[in-house]
Each structure stands twice: as structure tokens, then as C-alpha cells.
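All remarks here apply to the structure that follows.
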Amino acid sequence: MSLLSVSQLFFSGLTNVFLLGILFIISLLLLDFIQRRKKWPRFPPGPPSMPFVGNILQIDFNKPHIELSKLSLKYGGVYSLKFFWKNIVVLNGFEVMKEALLKKSEDIADRPPFPIYEKFGYDGNNKGVVLARYGTSWKEHRRFSLTTLRNFGMGKKSLEERVTEEAGFLSSRFQSEQGLPFDPRFIINNAVSNVICSIAFGDRFDYNDSKFQQLLQLFEKALKAESGILAQTLNEIPILTNIPWLVNKVLEHEYYIFAFMKEIISEHKKSFDPNNIRDFIDAYLLEMENMKENNDGTFNETNLLLTTYDLFGAGTETTSTTLRWGFLFMMLYPEVQLKVHTEIDKIIGREKTPTMADILEMPYTNAVIHEIQRCGDIVPMALPHMAYRDTEIQGYFIPKGTTVITNLSSVMKDETMWKKPYQFYPEHFLDENGKFVKQEAFMAFSAGRRVCLGEKLARMELFLFFTSLMQQFKFEIPNDQPRPKEEAVYAFTLSPQPYKMCAIVRP
């Protein structure tokens, strides 16, 4: 073959590749045009979207709740976005959320698919509780989890006793700092996670356990990675989950966490005794045994792993973050701290251990805890919902299968519902006589069918941990430290920026 013939073949090949490339681009543009033109009657309005990517680049994933709230000022409490070619409906404000989560709760009780998590076995009916689709498996596992938590709360050691015991350990750990500056972050994480660990795993972990400390740090890193734009992109374009290095950038921390869980489950299986149920894992293994005859496969080892992970996650991050906000606010607002100390001294005293029964006599402390949750805005958006059926919200049509984002932050800071929405103001939860009052717009645990699985435990932990530590200590900003900022760091939850504090034993 001559050199001329080779050249002709080469350039002919290049031309074909070029033409195929042009055809591919034209096809993408046509698909994008069709997807962007597809609308339903009365579908919520929204900002113009960019070709291919939609609105995803218009959202700052370091503070998405703020961006979503700003858009509601222009497009209303119900509006739509496009993430690539996927329609997203965003809900804002108390009145909208009340209709969606309470009056039409089942209509949006489903969960959208999360393709990235299929790498861990999240598929079909195997999705634990938190990410499970709305249906039989979710109902069975949620009911089982709540019942088991309640049963272990009434067993050999009640739930309240477990929390009180751990609060004692945490108090001793604070005291060991001898009033010197320290960062309470992972100590509090460890204490809070120990409560759920004692229920789920049957054991607690020492605050100096380096392996468990590493696990808690990995959990924080995992939340950060999974709430970012890369994770969102992988979930919206599932084909990209076939690229290992991309998936690993999001899930690298989860591999270690799941390995830790699998090891504990494996140990339980070896020592399992159906006549001696020690904890949640044993209870699940017993349920697997009982359901062998007439089970559709939902109670299995995959769901055991995923449900245990859900309990660990739900029972640790949000509560520990709330407590960190709480001690920060006590340092920043010493007049509030003084009032809490005064009420504790009056109702409980210095020697008696706080109990949940005390909360009825402590309206100010109860109001402070609620305001910590509201002002800290711990879970600003919750996990995405999905329309279980065609529905309407505020007169807008939401078709079945549409992803729905509930911007809870817009409720906790709703200017029509709160006197001072952007300030720490415990009086939001007190009437003119100083009595505690519930507020409809308080949705720290979300609401409706998908309300937080661990709400009851979290409320107990917040009151007992906070009151026990406030009974023993006064919290101060270290002399050589600048005044801590109230600005939050977003990683699914809103955490305070790292700070140091002095826990001074009260005289």
C-alpha cells in the first residue's frame, strides 16, 4: 500500500470520527432541548436552566439551604430546579411545609434512587430504613426499629438510665480538663454515639479508644463528601458510578465504616443465643430466624447492616452537633446560661441526678434546648423525598416520581413565624407567663411519615446531657481565644466552626 493510500485512509478515519462526534453532540443537544421543553400543566416555576447541567452549577453546595431560600424570594414557596435533566421541586416556608409534610405526607413519602449507594448493596428492598423506598420493606423495618428501641428502653437498663450513665462519664471527662481550654467535638460525639452503640452493639467505647475515635472522624468526613456536588452528580448520572475513582472520592470513608459494622455483626452471629437477646443486632438476627418461613427476603443480612448503620448515623451526628451548638451559645450568651443555672439549682439542685420527669418543671431550660435546635438549624434540608403519587402542593402539580427537597431551614427561620428568626432568642418558646409553648414551625426532626426515626431518643439525650453538664459546669470562652463565630459549616448537618471552651466546675 502506498504512502498516499495510507494518508487517505487515516484522514478518512478522522473524518468519520469527527462526523460521529458532531452527530453525538447534535443528539445530546436535541435530547437536552426535549427534556428542557417537557412541562406539565401547573408545574412549579423556576429559574432558567443551563444546557445539560440544568441549575446544579447555580447552587453553592457549601450553603445550599441559603441558596434555596434566596430563590424562594423570587419564585415563591414552591418552585422547580433541574439537576442535569431531572426535575427537582423545592418546598420553602412553614405553610408550604405544613401542607406537604402533614396534610399530604404519604404523597411525598417516597425516596428517590441513590445509585451511588448501590455499591454497598442498597438495591431493591435492601435499603435499610432511611434511604428505603416507601412501601412494605420500609414500613416493616421502621416498625421493627422503633419497637426494638422501645423494648430495650424498658429492659434490664432503661433508655433513660443508659443516657444518664453516659452523661456521668462525659461529665467526668470534662472535669479531667481542669478548667483548661479544650475542643469538645469528638468527646461529645463519642458520648452520644455510645448511647446508640449500647443499644445496637451491646457495648460502649472508651473516650480514649483510638479506633473508635477514627471511626467517628471518618463518619464526619463521609457526611461532607456525600453532601457535595460530586455525589449529587453521580446520583443524577448513574453511568458515572462505573468509574471507580470517582465513586471512591465520595465513598472512601464509608468502606471503613461498613467494615467496622460487618465485623461487629460477624461477632454477634458467632455468639448469638436466641434465648439471650443482648441488643438490636441480636433482635434482628432473631427476627431473621422467625421470618425464614414466610419472609419475602426483606429481613436479611444486607438490611441488617444498612439498618444498623442508619441507627448509628441517626443516633450520633445530629444530637452531638446540637450539643456543640448548645455549649457555644452558652458561652456567647452568659445571661442565658445564668438563667439555666438558676432554674437547675431551683428544680434539681446540685446533688440530684436530672431525670426526664424534671423537664415539666423546667420551662426555661426546655425553651433554651429548643432554641438551640432552631437557631443551630442542625438539619437544614433533610434527605430528599419523592412523590409517591401525583399530587398538588399550593395549587402546583407535582407528578409521581418527582424528587422533592424540603428546605427545613426556611421553616426554622420563617420571618412570619418567629419574632427574631436570625437571633438566639429562647423566648420564642415561652409565653408571657414564662411557661413553655410548642411552636408549629419547629420542625427540627422534620414531620409526617418520614419524621426522624430517633426523635424520642434525641429529645431525651438533649435534655439529660445538657442539663447534667450545665448542673456541674459553667462554660466560658478561653481568655486567649477570640470570640467564637456563629457561622455554620455545612456537611449535610450544620455544625459550628471548631472552637475551644473552658468547663469550669461550679462552686
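Labeling convention for the C-alpha cells: chains A, B, ... as they appear, residues from 1 per chain, ligands from 1 in order of appearance.
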
**OP:** With a distance cut-off of 12 Å and only C-alpha atoms, select the neighbouring residues of segment 276-280 of chain A, excluding the residue or stretch itself and same-chain residues fewer than 4 positions from it, and output the selection as a ChimeraX atom specification.
**Re:** /A:144-153,155-157,195-204,264-265,268-269,271-272,284-287,304-305,307-309,311-312

**OP:** Name the residues of segment 101-150 of chain A that fall into alpha helix (DSSP H) according to DSSP on the backbone, using the chain letters and numbers of this document, as a PyMOL selection string.
**Re:** chain A and resi 136-150

Go ahead and save the picked residues with C-alpha atoms, as an mmCIF file, in the first residue's frame.
data_model
loop_
_atom_site.group_PDB
_atom_site.id
_atom_site.type_symbol
_atom_site.label_atom_id
_atom_site.label_comp_id
_atom_site.auth_asym_id
_atom_site.auth_seq_id
_atom_site.Cartn_x
_atom_site.Cartn_y
_atom_site.Cartn_z
ATOM 1 C CA THR A 136 -43.713 -2.747 52.775
ATOM 2 C CA SER A 137 -39.993 -3.156 53.480
ATOM 3 C CA TRP A 138 -39.689 0.406 54.809
ATOM 4 C CA LYS A 139 -42.786 0.031 56.992
ATOM 5 C CA GLU A 140 -41.600 -3.302 58.406
ATOM 6 C CA HIS A 141 -38.101 -2.076 59.184
ATOM 7 C CA ARG A 142 -39.214 1.242 60.648
ATOM 8 C CA ARG A 143 -41.776 -0.519 62.852
ATOM 9 C CA PHE A 144 -39.222 -3.141 63.919
ATOM 10 C CA SER A 145 -36.575 -0.487 64.701
ATOM 11 C CA LEU A 146 -38.950 1.652 66.781
ATOM 12 C CA THR A 147 -40.306 -1.376 68.655
ATOM 13 C CA THR A 148 -36.847 -2.725 69.377
ATOM 14 C CA LEU A 149 -35.604 0.644 70.606
ATOM 15 C CA ARG A 150 -38.624 0.885 72.878
#

**OP:** Write out as a PyMOL selection string which residues come within 10 Å of segment 460-462 of chain A when counting only C-alpha atoms, dropping same-chain ones fewer than 4 positions away.
**Re:** chain A and resi 159-160+162-164+166-167+192+195+315+319-320+322-323+326+355-356+359+366+369-370+373+455-456+466-468

Once you have the residues from the selection above, write them out as a short mmCIF file (atom, residue, chain, number, x, y, z; two decimals), in the first residue's frame, restricted to N, CA and C atoms.
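Written out: part03.cif:
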data_model
loop_
_atom_site.label_atom_id
_atom_site.label_comp_id
_atom_site.auth_asym_id
_atom_site.auth_seq_id
_atom_site.Cartn_x
_atom_site.Cartn_y
_atom_site.Cartn_z
N LEU A 159 -33.69 3.15 78.71
CA LEU A 159 -33.05 4.11 77.82
C LEU A 159 -32.56 5.31 78.62
N GLU A 160 -33.38 5.77 79.54
CA GLU A 160 -33.00 6.93 80.35
C GLU A 160 -31.77 6.62 81.21
N ARG A 162 -29.39 4.54 80.47
CA ARG A 162 -28.23 4.50 79.59
C ARG A 162 -27.70 5.91 79.32
N VAL A 163 -28.63 6.83 79.04
CA VAL A 163 -28.22 8.21 78.76
C VAL A 163 -27.63 8.85 80.01
N THR A 164 -28.28 8.67 81.15
CA THR A 164 -27.79 9.24 82.41
C THR A 164 -26.40 8.72 82.76
N GLU A 166 -24.14 7.63 80.67
CA GLU A 166 -23.16 8.20 79.74
C GLU A 166 -22.91 9.67 80.04
N ALA A 167 -23.95 10.37 80.47
CA ALA A 167 -23.78 11.77 80.87
C ALA A 167 -22.80 11.88 82.04
N VAL A 192 -22.32 10.65 72.82
CA VAL A 192 -23.64 10.48 72.21
C VAL A 192 -23.72 9.16 71.45
N VAL A 195 -24.43 5.90 73.45
CA VAL A 195 -25.80 5.54 73.81
C VAL A 195 -26.38 4.60 72.77
N GLY A 315 -28.43 8.28 65.33
CA GLY A 315 -28.30 8.44 66.77
C GLY A 315 -27.05 9.14 67.22
N THR A 319 -27.48 14.81 67.19
CA THR A 319 -27.54 15.12 68.62
C THR A 319 -26.24 15.71 69.12
N SER A 320 -25.12 15.13 68.71
CA SER A 320 -23.82 15.66 69.16
C SER A 320 -23.59 17.06 68.60
N THR A 322 -25.95 19.24 67.92
CA THR A 322 -26.82 20.12 68.69
C THR A 322 -26.19 20.50 70.03
N LEU A 323 -25.59 19.53 70.71
CA LEU A 323 -24.95 19.81 71.99
C LEU A 323 -23.76 20.76 71.82
N GLY A 326 -25.09 24.02 71.57
CA GLY A 326 -25.60 24.42 72.87
C GLY A 326 -24.53 25.04 73.76
N THR A 355 -33.58 13.92 85.69
CA THR A 355 -34.40 12.89 85.05
C THR A 355 -35.35 13.56 84.06
N MET A 356 -35.95 12.75 83.19
CA MET A 356 -36.88 13.32 82.21
C MET A 356 -38.12 13.90 82.87
N ILE A 359 -38.26 17.78 83.27
CA ILE A 359 -38.46 18.71 82.15
C ILE A 359 -39.79 19.48 82.28
N ASN A 366 -36.00 23.98 78.89
CA ASN A 366 -36.63 23.33 77.74
C ASN A 366 -36.67 24.28 76.55
N ILE A 369 -33.16 24.63 75.00
CA ILE A 369 -32.79 23.47 74.18
C ILE A 369 -33.49 23.55 72.82
N HIS A 370 -34.76 23.91 72.82
CA HIS A 370 -35.48 24.04 71.55
C HIS A 370 -34.89 25.17 70.70
N GLN A 373 -31.77 24.12 68.94
CA GLN A 373 -32.08 23.36 67.73
C GLN A 373 -32.55 24.26 66.60
N GLU A 455 -36.22 10.47 66.97
CA GLU A 455 -36.67 11.70 67.63
C GLU A 455 -36.80 11.54 69.14
N LYS A 456 -37.44 10.49 69.60
CA LYS A 456 -37.67 10.30 71.03
C LYS A 456 -36.34 10.19 71.78
N PHE A 466 -27.50 17.87 78.31
CA PHE A 466 -27.37 19.31 78.50
C PHE A 466 -27.58 19.69 79.97
N THR A 467 -28.62 19.19 80.58
CA THR A 467 -28.93 19.55 81.97
C THR A 467 -27.88 19.01 82.93
N SER A 468 -27.42 17.78 82.71
CA SER A 468 -26.40 17.20 83.59
C SER A 468 -25.11 18.00 83.56
#

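On the backbone of this structure, DSSP gives strand (DSSP E) within segment 277-438 of chain A to His385, Met386, Thr391, Glu392, Ile393, Tyr396, Phe397, Ile398, Thr403, Val404, Ile405 and Thr406 of chain A.
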
Store the residues of this selection in a file with C-alpha atoms, as a CSV table (one decimal), in the first residue's frame.
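As written to disk, selection-v9.csv reads:
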chain,number,residue,atom,x,y,z
A,385,HIS,CA,-38.3,13.0,49.3
A,386,MET,CA,-40.0,11.7,46.1
A,391,THR,CA,-50.2,15.4,44.0
A,392,GLU,CA,-50.7,19.1,44.3
A,393,ILE,CA,-49.0,21.5,46.7
A,396,TYR,CA,-49.0,23.3,41.8
A,397,PHE,CA,-48.9,19.9,40.1
A,398,ILE,CA,-46.2,17.5,41.3
A,403,THR,CA,-37.7,14.5,43.6
A,404,VAL,CA,-38.8,16.9,46.4
A,405,ILE,CA,-36.4,18.9,48.6
A,406,THR,CA,-37.8,20.1,51.9

**OP:** For Asp209 of chain A, list every protein, DNA or RNA residue within 12 Å, evaluated using only C-alpha atoms, and leave out those in the same chain fewer than 2 positions away; present the list as a count of residues only.
**Re:** 15

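In terms of minimum interatomic distance to Cys502 of chain A, A:Leu328 ranks closest within A:Val489, A:Leu453, A:Leu73, A:Leu328, counting only C-alpha atoms.
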
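With only C-alpha atoms as the atoms that count, the minimum distance from Asn303 of chain A to the choices A:Lys127, A:Lys270, A:Lys400, A:Arg173 is reached by A:Lys127.
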